[in-house]
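Undergrad: File follows, upload-v2.cif with mmCIF, C-alpha atoms and all ligand atoms:
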```
data_input
loop_
_atom_site.label_atom_id
_atom_site.label_comp_id
_atom_site.auth_asym_id
_atom_site.auth_seq_id
_atom_site.Cartn_x
_atom_site.Cartn_y
_atom_site.Cartn_z
CA MET A 1 29.12 21.97 -1.69
CA THR A 2 26.55 20.74 -4.21
CA GLY A 3 25.44 17.14 -3.95
CA ALA A 4 27.40 16.42 -0.79
CA THR A 5 26.16 13.43 1.18
CA LEU A 6 25.78 14.05 4.85
CA ALA A 7 27.97 11.55 6.72
CA GLY A 8 25.89 8.81 8.27
CA GLY A 9 22.73 10.15 6.69
CA ASN A 10 20.80 9.38 3.58
CA ILE A 11 19.74 12.78 2.44
CA MET A 12 21.53 14.54 -0.35
CA TYR A 13 22.02 18.14 0.63
CA ARG A 14 22.58 20.83 -1.90
CA LYS A 15 23.86 23.72 0.09
CA ILE A 16 23.96 27.06 -1.52
CA ALA A 17 27.18 28.72 -0.56
CA LEU A 18 25.62 32.14 -0.45
CA GLY A 19 22.87 30.93 1.79
CA LEU A 20 25.39 29.43 4.16
CA ILE A 21 27.27 32.69 4.40
CA ALA A 22 24.08 34.71 4.78
CA SER A 23 22.68 32.52 7.52
CA SER A 24 25.94 32.44 9.46
CA LEU A 25 26.14 36.21 9.20
CA LEU A 26 22.59 36.45 10.48
CA GLY A 27 23.35 33.92 13.14
CA THR A 28 20.28 31.80 12.34
CA ALA A 29 20.20 28.06 12.73
CA THR A 30 18.41 27.57 9.44
CA LEU A 31 20.52 26.97 6.39
CA ALA A 32 19.26 27.75 2.93
CA GLN A 33 19.35 24.24 1.63
CA GLU A 34 17.38 21.98 -0.60
CA VAL A 35 17.05 18.39 0.54
CA THR A 36 16.68 15.57 -1.95
CA LEU A 37 14.88 12.46 -0.72
CA ARG A 38 15.38 9.06 -2.34
CA ALA A 39 12.09 7.31 -3.15
CA VAL A 40 11.13 3.77 -4.16
CA SER A 41 7.77 2.26 -5.08
CA ALA A 42 6.88 -1.35 -4.26
CA PHE A 43 4.51 -1.22 -7.25
CA ALA A 44 5.71 -0.96 -10.83
CA GLU A 45 6.19 2.54 -12.20
CA LYS A 46 3.19 4.09 -13.95
CA THR A 47 0.81 1.30 -12.87
CA THR A 48 -2.39 1.72 -10.83
CA TYR A 49 -0.79 1.49 -7.40
CA ALA A 50 2.17 3.72 -8.22
CA ARG A 51 0.08 6.49 -9.75
CA GLY A 52 -0.92 8.22 -6.51
CA PHE A 53 2.69 8.21 -5.36
CA GLU A 54 3.91 9.62 -8.66
CA LYS A 55 1.39 12.44 -8.36
CA PHE A 56 2.65 13.05 -4.81
CA ILE A 57 6.22 13.25 -6.12
CA ASP A 58 5.22 15.67 -8.89
CA ARG A 59 3.49 17.90 -6.36
CA VAL A 60 6.43 17.93 -3.97
CA ASN A 61 8.88 18.62 -6.77
CA ALA A 62 6.71 21.48 -8.06
CA SER A 63 5.95 23.15 -4.73
CA GLY A 64 9.17 22.23 -2.94
CA LYS A 65 11.68 23.97 -5.18
CA GLY A 66 14.57 25.27 -3.08
CA LEU A 67 13.27 23.31 -0.06
CA VAL A 68 12.71 19.62 -0.74
CA GLN A 69 12.87 17.47 -3.85
CA ILE A 70 12.23 13.79 -4.46
CA ASN A 71 14.51 11.59 -6.53
CA TYR A 72 12.30 8.73 -7.75
CA ILE A 73 14.65 5.76 -8.03
CA GLY A 74 11.86 3.55 -9.37
CA GLY A 75 9.77 0.46 -8.74
CA PRO A 76 10.43 -3.29 -8.31
CA LYS A 77 13.25 -3.18 -10.87
CA ALA A 78 15.14 -1.00 -8.43
CA MET A 79 14.17 -2.98 -5.29
CA PRO A 80 12.13 -6.16 -4.65
CA PRO A 81 8.74 -5.18 -3.14
CA PHE A 82 9.12 -7.26 0.01
CA GLU A 83 12.44 -5.53 0.82
CA VAL A 84 11.12 -1.98 0.74
CA GLY A 85 10.07 -1.92 4.41
CA LYS A 86 13.52 -2.88 5.66
CA ALA A 87 15.18 -0.40 3.29
CA LEU A 88 12.98 2.36 4.64
CA GLN A 89 13.55 1.33 8.25
CA THR A 90 17.34 1.36 7.85
CA GLY A 91 17.44 4.56 5.80
CA VAL A 92 18.69 2.99 2.58
CA ILE A 93 15.77 4.93 1.09
CA ASP A 94 13.94 7.95 2.49
CA LEU A 95 10.46 7.56 1.00
CA ALA A 96 8.43 4.51 0.09
CA ASN A 97 5.20 3.74 -1.71
CA THR A 98 4.13 0.43 -0.26
CA THR A 99 1.41 -1.54 1.49
CA GLY A 100 1.16 -3.18 4.91
CA ALA A 101 1.19 -6.66 3.36
CA PHE A 102 4.64 -6.04 1.85
CA THR A 103 6.23 -4.81 5.08
CA THR A 104 5.11 -7.45 7.60
CA ASN A 105 8.79 -8.40 8.11
CA VAL A 106 9.28 -5.11 9.97
CA LEU A 107 5.70 -4.33 11.07
CA PRO A 108 3.26 -7.28 11.20
CA GLU A 109 0.43 -4.97 12.31
CA GLY A 110 0.59 -2.94 9.08
CA ASP A 111 -1.41 -5.62 7.28
CA ALA A 112 -4.41 -4.62 9.42
CA TRP A 113 -4.99 -1.53 7.25
CA LYS A 114 -6.78 -3.84 4.81
CA LEU A 115 -9.47 -4.37 7.49
CA THR A 116 -10.51 -0.74 7.93
CA GLU A 117 -14.24 -0.18 7.55
CA LYS A 118 -14.11 3.53 8.27
CA PRO A 119 -12.72 6.35 6.12
CA MET A 120 -9.22 7.60 6.90
CA ALA A 121 -10.67 11.02 7.81
CA GLU A 122 -12.58 9.32 10.63
CA LEU A 123 -9.62 7.16 11.69
CA ARG A 124 -7.51 10.29 11.91
CA LYS A 125 -10.03 11.60 14.45
CA ASN A 126 -10.93 8.48 16.43
CA GLY A 127 -7.37 7.61 17.48
CA GLY A 128 -7.00 4.67 15.10
CA PHE A 129 -4.60 6.48 12.82
CA ASP A 130 -2.48 7.70 15.75
CA TYR A 131 -2.34 4.20 17.21
CA MET A 132 -1.06 2.74 13.96
CA ALA A 133 1.26 5.70 13.27
CA LYS A 134 2.94 5.05 16.61
CA LEU A 135 3.63 1.46 15.59
CA TYR A 136 5.12 2.67 12.29
CA ALA A 137 7.38 5.06 14.22
CA GLU A 138 8.45 2.52 16.83
CA LYS A 139 8.84 -0.60 14.72
CA MET A 140 9.61 0.72 11.23
CA ASN A 141 11.27 4.01 12.14
CA ALA A 142 8.77 5.50 9.70
CA VAL A 143 6.32 8.38 9.57
CA PHE A 144 3.06 7.43 7.88
CA LEU A 145 2.27 10.38 5.61
CA ALA A 146 -0.80 9.34 3.64
CA ARG A 147 -2.96 6.49 2.50
CA LEU A 148 -3.18 6.85 -1.24
CA VAL A 149 -5.52 3.89 -1.84
CA ASP A 150 -8.79 3.17 0.00
CA ASP A 151 -12.36 2.06 -0.85
CA ASN A 152 -10.82 -0.45 -3.23
CA PRO A 153 -11.89 -4.05 -2.49
CA PHE A 154 -9.83 -7.16 -3.09
CA HIS A 155 -11.16 -10.08 -5.12
CA LEU A 156 -10.27 -13.62 -5.96
CA TYR A 157 -9.49 -14.11 -9.67
CA LEU A 158 -9.45 -17.60 -11.23
CA THR A 159 -8.50 -19.50 -14.35
CA LYS A 160 -11.15 -22.15 -13.61
CA PRO A 161 -14.68 -21.80 -12.24
CA ILE A 162 -15.91 -22.54 -8.74
CA THR A 163 -19.50 -23.17 -7.74
CA GLY A 164 -19.28 -22.20 -4.08
CA PRO A 165 -16.98 -20.76 -1.44
CA ASP A 166 -14.98 -23.98 -1.05
CA LEU A 167 -11.48 -23.44 -2.47
CA THR A 168 -10.18 -26.96 -1.79
CA GLY A 169 -7.87 -28.17 -4.53
CA LEU A 170 -7.01 -24.67 -5.79
CA LYS A 171 -3.51 -23.25 -5.68
CA LEU A 172 -3.65 -19.50 -5.31
CA ARG A 173 -1.14 -16.70 -5.51
CA ILE A 174 -1.25 -14.62 -2.36
CA THR A 175 0.40 -11.97 -0.24
CA PRO A 176 -0.28 -11.72 3.51
CA VAL A 177 -3.52 -9.88 2.58
CA TYR A 178 -5.29 -13.06 1.50
CA ARG A 179 -3.40 -15.83 3.30
CA ASP A 180 -5.67 -16.54 6.26
CA PHE A 181 -8.92 -16.20 4.31
CA PHE A 182 -7.98 -18.35 1.31
CA GLN A 183 -6.41 -21.01 3.50
CA ALA A 184 -9.49 -21.11 5.71
CA GLN A 185 -11.53 -21.83 2.56
CA GLY A 186 -9.28 -24.81 1.80
CA ALA A 187 -6.89 -23.36 -0.79
CA THR A 188 -3.17 -24.05 -1.08
CA VAL A 189 -1.30 -20.76 -1.29
CA VAL A 190 1.94 -19.47 -2.75
CA GLN A 191 3.24 -15.98 -2.07
CA THR A 192 4.65 -13.91 -4.93
CA PRO A 193 5.24 -10.24 -5.61
CA PRO A 194 2.98 -8.78 -8.33
CA GLY A 195 5.79 -9.04 -10.88
CA GLU A 196 5.59 -12.85 -10.81
CA VAL A 197 1.84 -13.27 -11.19
CA TYR A 198 1.74 -13.35 -15.00
CA THR A 199 4.37 -16.09 -15.28
CA ALA A 200 2.74 -18.13 -12.51
CA LEU A 201 -0.58 -18.00 -14.40
CA GLU A 202 1.04 -18.70 -17.75
CA ARG A 203 2.85 -21.76 -16.46
CA GLY A 204 -0.19 -23.06 -14.61
CA VAL A 205 1.67 -22.85 -11.29
CA VAL A 206 -1.43 -21.20 -9.81
CA ASP A 207 -5.16 -21.44 -10.54
CA GLY A 208 -5.79 -17.88 -9.52
CA TYR A 209 -4.69 -14.93 -7.45
CA GLY A 210 -5.80 -12.28 -5.03
CA TRP A 211 -5.78 -8.66 -6.24
CA PRO A 212 -7.95 -5.55 -5.87
CA ILE A 213 -10.70 -4.68 -8.34
CA THR A 214 -8.39 -2.27 -10.20
CA GLY A 215 -5.08 -2.88 -11.92
CA ILE A 216 -5.26 -6.38 -13.43
CA PHE A 217 -4.68 -4.88 -16.90
CA ASP A 218 -1.41 -3.19 -15.93
CA LEU A 219 0.69 -6.34 -16.22
CA GLY A 220 -1.51 -8.24 -18.69
CA TRP A 221 -3.17 -10.61 -16.22
CA HIS A 222 -6.56 -10.21 -17.96
CA GLU A 223 -5.16 -12.40 -20.74
CA LYS A 224 -4.96 -15.33 -18.34
CA THR A 225 -7.94 -14.52 -16.08
CA LYS A 226 -11.30 -16.18 -16.76
CA TYR A 227 -13.30 -15.52 -13.58
CA ARG A 228 -13.62 -12.97 -10.80
CA VAL A 229 -15.36 -13.94 -7.59
CA ASP A 230 -17.84 -11.42 -6.16
CA PRO A 231 -18.29 -9.93 -3.67
CA GLY A 232 -14.95 -8.33 -2.96
CA PHE A 233 -13.63 -7.99 0.57
CA TYR A 234 -11.43 -5.64 2.63
CA SER A 235 -10.09 -2.28 1.40
CA ALA A 236 -6.72 -2.10 -0.32
CA GLU A 237 -4.19 0.20 1.28
CA VAL A 238 -1.15 1.70 -0.38
CA SER A 239 0.63 4.46 1.45
CA VAL A 240 3.50 6.89 1.38
CA LEU A 241 5.97 6.52 4.22
CA ILE A 242 9.09 8.46 5.13
CA ASN A 243 12.07 7.32 7.17
CA LYS A 244 11.68 8.96 10.59
CA THR A 245 15.36 9.90 10.92
CA ALA A 246 15.16 11.74 7.60
CA TRP A 247 11.85 13.33 8.62
CA ASP A 248 13.21 14.59 11.94
CA LYS A 249 16.03 16.39 10.12
CA LEU A 250 13.64 18.40 7.96
CA SER A 251 12.67 21.98 8.71
CA ASP A 252 9.06 22.92 9.37
CA ALA A 253 8.83 24.40 5.88
CA GLN A 254 10.11 21.21 4.28
CA LYS A 255 7.73 19.09 6.35
CA ALA A 256 4.85 21.35 5.33
CA VAL A 257 5.53 20.70 1.64
CA LEU A 258 5.37 16.95 2.20
CA ARG A 259 2.36 17.17 4.51
CA LYS A 260 0.39 19.24 2.03
CA ALA A 261 1.03 16.87 -0.88
CA ALA A 262 0.21 13.92 1.39
CA GLU A 263 -3.09 15.45 2.50
CA GLN A 264 -4.08 16.15 -1.08
CA GLY A 265 -3.27 12.58 -2.04
CA GLU A 266 -5.26 11.03 0.79
CA ALA A 267 -8.28 13.24 0.06
CA GLU A 268 -8.12 12.31 -3.63
CA ALA A 269 -7.98 8.59 -2.85
CA ALA A 270 -11.11 8.93 -0.72
CA ALA A 271 -12.87 10.80 -3.51
CA GLU A 272 -11.74 8.92 -6.59
CA PHE A 273 -11.54 5.18 -5.96
CA LYS A 274 -15.24 4.44 -6.33
CA ALA A 275 -15.14 5.68 -9.93
CA GLU A 276 -11.89 3.80 -10.61
CA ASN A 277 -13.49 0.61 -9.30
CA ALA A 278 -16.49 1.02 -11.59
CA LYS A 279 -14.25 1.68 -14.59
CA ASP A 280 -12.18 -1.46 -14.12
CA THR A 281 -15.25 -3.60 -13.32
CA LYS A 282 -16.63 -2.66 -16.74
CA ARG A 283 -13.28 -3.14 -18.43
CA GLN A 284 -13.06 -6.66 -16.97
CA ALA A 285 -16.53 -7.49 -18.31
CA ASP A 286 -15.56 -6.11 -21.72
CA ALA A 287 -12.45 -8.31 -21.65
CA GLY A 288 -14.70 -11.37 -21.19
CA ILE A 289 -13.91 -12.04 -17.54
CA GLN A 290 -16.93 -13.81 -16.07
CA VAL A 291 -18.23 -13.17 -12.58
CA VAL A 292 -18.79 -15.99 -10.11
CA LYS A 293 -21.27 -14.19 -7.92
CA PHE A 294 -22.31 -15.19 -4.44
CA ASP A 295 -25.67 -13.68 -3.57
CA GLY A 296 -27.52 -12.90 -0.39
CA ALA A 297 -26.55 -15.06 2.55
CA ALA A 298 -23.64 -16.66 0.64
CA ALA A 299 -22.20 -13.21 -0.13
CA ALA A 300 -22.55 -12.12 3.49
CA ALA A 301 -20.92 -15.35 4.70
CA TRP A 302 -18.00 -14.91 2.25
CA ARG A 303 -17.31 -11.40 3.48
CA LYS A 304 -17.78 -12.29 7.14
CA LYS A 305 -15.33 -15.16 6.78
CA ALA A 306 -12.83 -12.80 5.13
CA TYR A 307 -12.99 -10.32 8.03
CA ASP A 308 -13.11 -12.94 10.78
CA THR A 309 -10.10 -14.85 9.45
CA GLY A 310 -8.31 -11.58 8.63
CA TRP A 311 -8.63 -10.28 12.19
CA GLU A 312 -7.76 -13.66 13.65
CA GLY A 313 -4.54 -13.55 11.64
CA VAL A 314 -3.68 -10.02 12.75
CA ILE A 315 -4.41 -10.81 16.40
CA LYS A 316 -2.35 -13.99 16.23
CA GLN A 317 0.58 -11.97 14.83
CA SER A 318 0.08 -9.24 17.41
CA PRO A 319 -1.89 -10.22 20.51
CA GLU A 320 -0.97 -6.86 22.04
CA HIS A 321 -2.04 -4.46 19.30
CA GLY A 322 -4.40 -6.54 17.13
CA PRO A 323 -7.49 -6.24 19.37
CA LYS A 324 -6.97 -2.45 19.76
CA LEU A 325 -6.68 -2.00 16.01
CA ARG A 326 -9.85 -4.05 15.56
CA ALA A 327 -11.76 -1.76 17.92
CA PHE A 328 -10.61 1.34 16.00
CA PHE A 329 -10.95 -0.01 12.45
CA SER A 330 -14.11 -2.13 12.49
CA LYS A 331 -17.57 -0.93 11.62
CA SER A 332 -19.39 0.01 14.81
CA ASN A 333 -22.74 -1.69 15.02
O1 LIG B 401 -1.92 -8.66 -3.98
C1 LIG B 401 -1.02 -7.90 -3.62
O2 LIG B 401 0.09 -7.88 -4.12
C2 LIG B 401 -1.31 -6.99 -2.51
O3 LIG B 401 -1.15 -7.37 -1.39
C3 LIG B 401 -1.80 -5.63 -2.83
C4 LIG B 401 -1.99 -4.71 -1.80
C5 LIG B 401 -2.46 -3.44 -2.10
C6 LIG B 401 -2.73 -3.09 -3.41
C7 LIG B 401 -2.53 -4.00 -4.41
C8 LIG B 401 -2.07 -5.28 -4.14
#
```
Transcribe the structure of this file into structure tokens.
Ligand code: 173

TA:
Amino acid sequence: MTGATLAGGNIMYRKIALGLIASSLLGTATLAQEVTLRAVSAFAEKTTYARGFEKFIDRVNASGKGLVQINYIGGPKAMPPFEVGKALQTGVIDLANTTGAFTTNVLPEGDAWKLTEKPMAELRKNGGFDYMAKLYAEKMNAVFLARLVDDNPFHLYLTKPITGPDLTGLKLRITPVYRDFFQAQGATVVQTPPGEVYTALERGVVDGYGWPITGIFDLGWHEKTKYRVDPGFYSAEVSVLINKTAWDKLSDAQKAVLRKAAEQGEAEAAAEFKAENAKDTKRQADAGIQVVKFDGAAAAAWRKKAYDTGWEGVIKQSPEHGPKLRAFFSKSN
């Protein structure tokens, strides 16, 4: 019975024959079985935005022996980042490490995570988390387990300098995260997954790109990056999701293993990103990346424009849920 695939399902069950006999003798509904979940990351293996997920996997595989294990299929080499949401929704994979901007084809509202101005611990209490989790369940057939990246601002990186917030004449690499903001500032935009950024810079197809403060060294982009624009804006979100059909089949003990690793991961993200941000800020300076810095009123206007255009975009995509998410996620004044 080892390694049998459950018909119509996506979970590999390893049933222990003895356990089966024992449980049928005892007449219990619970079978002694270890479930193996198939996992994919939308971010390249062993890079900044896969690291939290890989730690999650290690924890589950260590504490879930005999209950639940994760088979890490891999990153974008295994599946294009913008296809991960659909694969999770349909049960082609069971677990995903991805971000709202990569899954807008199944859940447009997910991109609103970038606009949170409150810690996840607070959103889990104020109803904001529950509101979004319901959308993940209904539209993506997914259970949102943990946000593994937070307090991690996005920036605009450039190969040529700018003197003000006007981006007219620049062609910028984007994902849905930056689209409304950069376009509102006059830029022309082209969407690519992270794996295509280096080549786009090298070939001069783009004059810059959006990306958080951490991780530009992972794929060598620092070699082609001359400027970073400050201040940053928004808060990057990368999260671990599980297919709801797979989740509903798990026992309470199996769910508890996943929940515990998820909670640890979310708490760590909240505690650790500030230091990570500082580390990469210094590393960028050491690599000779210059800062185009907007001060005072210009900085405030840059950030306000980012949030205003960001929310406008979310609300346009989802007139029903966008305003509710804004009320939960925005800073209360
Ligand atoms: O720029 C991106 O690819 C993007 O949208 C993102 C989102 C979260 C973390 C890192 C990058």

Undergrad: Do you know which residues are within 9 Å of ligand LIG 401 (chain B) using only C-alpha atoms and all ligand atoms? Can you write them as an NGL selection string?

TA: :A and (43 or 48-49 or 98-102 or 111 or 114 or 149 or 152 or 154 or 173-178 or 191-195 or 209-212 or 214-215 or 235-238)

Undergrad: Quick one: distance from atom CA of A:Phe328 to atom CA of A:Ala112 in Å, one decimal?

TA: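 Taking atom CA of A:Phe328 as the start and atom CA of A:Ala112 as the end point, the length is 10.8 Å.
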
Undergrad: Within 9 Å of A:Gly66, counting all atoms listed in the file, which residues show up once you throw out same-chain ones fewer than 3 positions away? Write them as a count of residues only, please.

TA: 5

Undergrad: I'd like to know which of A:Lys331, A:Arg59, A:Lys316, A:Lys324 is closest to A:Met132, using all atoms listed in the file.

TA: A:Lys324

Undergrad: A:Thr168: which residues within 10 Å, counting all atoms listed in the file, same-chain residues fewer than 6 positions away excluded, as a list in words?

TA: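 These residues fall inside the cut-off: Phe182, Gln183, Ala184, Gln185, Gly186, Ala187 and Thr188 of chain A.
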
Undergrad: To one decimal place, how far is atom CA of A:Asp166 from atom CA of A:Val197 in Å?

TA: 22.4 Å

Undergrad: Do you know which residues are at most 6 Å from A:Val206 counting only C-alpha atoms, after dropping those on the same chain fewer than 6 positions away, and could you put them as a PyMOL selection string?

TA: chain A and resi 171-172+200

Undergrad: (-13.6, -6.7, 12.1) in this file's frame - what residues fall within 7 Å of it? Use only C-alpha atoms and give the answer as a compact mmCIF listing (two decimals) with C-alpha atoms, in the coordinates of the input.

TA:
```
# COMPACT_ATOMS: atom_id res chain seq x y z
CA LEU A 115 -9.47 -4.37 7.49
CA TYR A 307 -12.99 -10.32 8.03
CA ASP A 308 -13.11 -12.94 10.78
CA TRP A 311 -8.63 -10.28 12.19
CA ARG A 326 -9.85 -4.05 15.56
CA SER A 330 -14.11 -2.13 12.49
```

Undergrad: What gap, in Å, lies between atom CA of A:Asp252 and atom CA of A:Asp94?

TA: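 Between these atoms lies a distance of 17.2 Å.
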
Undergrad: Compare A:Thr199, A:Ser318, A:Ser332, A:Asn277 by their minimum atom-to-atom distance to A:Leu107, counting all atoms listed in the file, and give me the closest one.

TA: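 Smallest distance to A:Leu107 is found for A:Ser318.
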
Undergrad: Using only C-alpha atoms, which residue out of A:Val240, A:Ala327, A:Ile213, A:Ala269 lies closest to A:Lys282?

TA: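 Closest to A:Lys282, using only C-alpha atoms: A:Ile213.
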
Undergrad: Of the residues A:Asp280, A:Asp130, A:Asp180, A:Asp218, which is the one nearest to A:Arg51, using all atoms listed in the file?

TA: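 Distance minimum relative to A:Arg51 lands on A:Asp218.
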
Undergrad: With only C-alpha atoms as the atoms that count, which of A:Glu83, A:Asp150, A:Glu223, A:Glu117 lies nearest to A:Lys274?

TA: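 Of A:Glu83, A:Asp150, A:Glu223, A:Glu117, the one nearest A:Lys274 is A:Asp150, counting only C-alpha atoms.
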
Undergrad: Axis-aligned box over every listed atom of stretch 315-324 of chain A, padded by 8 Å per side: centre and edges in Å to one decimal, as JSON?

TA:
```
{"center_x": -3.5, "center_y": -8.2, "center_z": 18.4, "size_x": 24.1, "size_y": 27.5, "size_z": 23.2}
```

Undergrad: From the list A:Glu109, A:Asp295, A:Asp230, A:Glu268, which residue is nearest A:Arg147 when using all atoms listed in the file?

TA: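 Looking only at the distances to A:Arg147, the closest residue turns out to be A:Glu268.
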
Undergrad: Name all residues at most 8 Å from A:Ala306 (count all atoms listed in the file; drop same-chain ones fewer than 4 positions away) and give them as a list in words.

TA: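 The residues satisfying every condition are Phe181, Phe233, Tyr234, Trp302 and Gly310 of chain A.
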
Undergrad: List as a list in words the protein and nucleic acid residues near A:Gln89, meaning an atom at most 10 Å away when only C-alpha atoms are counted, but skip any in the same chain fewer than 6 places from it.

TA: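 Using only C-alpha atoms, the neighbours found are Val106, Tyr136, Ala137, Lys139, Met140, Asn141, Ala142, Ile242, Asn243, Lys244 and Thr245 of chain A.
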
Undergrad: Please identify all polymer residues lying at most 12 Å from the point (-15.7, -12.1, -19.7) (file coordinates), using only C-alpha atoms, and present the result as a list of chain:residue names.

TA: A:Tyr157, A:Leu158, A:Thr159, A:His222, A:Glu223, A:Lys224, A:Thr225, A:Lys226, A:Tyr227, A:Arg228, A:Thr281, A:Lys282, A:Arg283, A:Gln284, A:Ala285, A:Asp286, A:Ala287, A:Gly288, A:Ile289, A:Gln290, A:Val291, A:Val292

Undergrad: Keeping C-alpha atoms for every residue in the selection just given, could you write it to a file as an mmCIF file, in the coordinates of the input?

TA:
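out27.cif was written with the following content:
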```cif
data_model
loop_
_atom_site.group_PDB
_atom_site.id
_atom_site.type_symbol
_atom_site.label_atom_id
_atom_site.label_comp_id
_atom_site.auth_asym_id
_atom_site.auth_seq_id
_atom_site.Cartn_x
_atom_site.Cartn_y
_atom_site.Cartn_z
ATOM 1 C CA TYR A 157 -9.490 -14.110 -9.670
ATOM 2 C CA LEU A 158 -9.450 -17.600 -11.230
ATOM 3 C CA THR A 159 -8.500 -19.500 -14.350
ATOM 4 C CA HIS A 222 -6.560 -10.210 -17.960
ATOM 5 C CA GLU A 223 -5.160 -12.400 -20.740
ATOM 6 C CA LYS A 224 -4.960 -15.330 -18.340
ATOM 7 C CA THR A 225 -7.940 -14.520 -16.080
ATOM 8 C CA LYS A 226 -11.300 -16.180 -16.760
ATOM 9 C CA TYR A 227 -13.300 -15.520 -13.580
ATOM 10 C CA ARG A 228 -13.620 -12.970 -10.800
ATOM 11 C CA THR A 281 -15.250 -3.600 -13.320
ATOM 12 C CA LYS A 282 -16.630 -2.660 -16.740
ATOM 13 C CA ARG A 283 -13.280 -3.140 -18.430
ATOM 14 C CA GLN A 284 -13.060 -6.660 -16.970
ATOM 15 C CA ALA A 285 -16.530 -7.490 -18.310
ATOM 16 C CA ASP A 286 -15.560 -6.110 -21.720
ATOM 17 C CA ALA A 287 -12.450 -8.310 -21.650
ATOM 18 C CA GLY A 288 -14.700 -11.370 -21.190
ATOM 19 C CA ILE A 289 -13.910 -12.040 -17.540
ATOM 20 C CA GLN A 290 -16.930 -13.810 -16.070
ATOM 21 C CA VAL A 291 -18.230 -13.170 -12.580
ATOM 22 C CA VAL A 292 -18.790 -15.990 -10.110
#
```
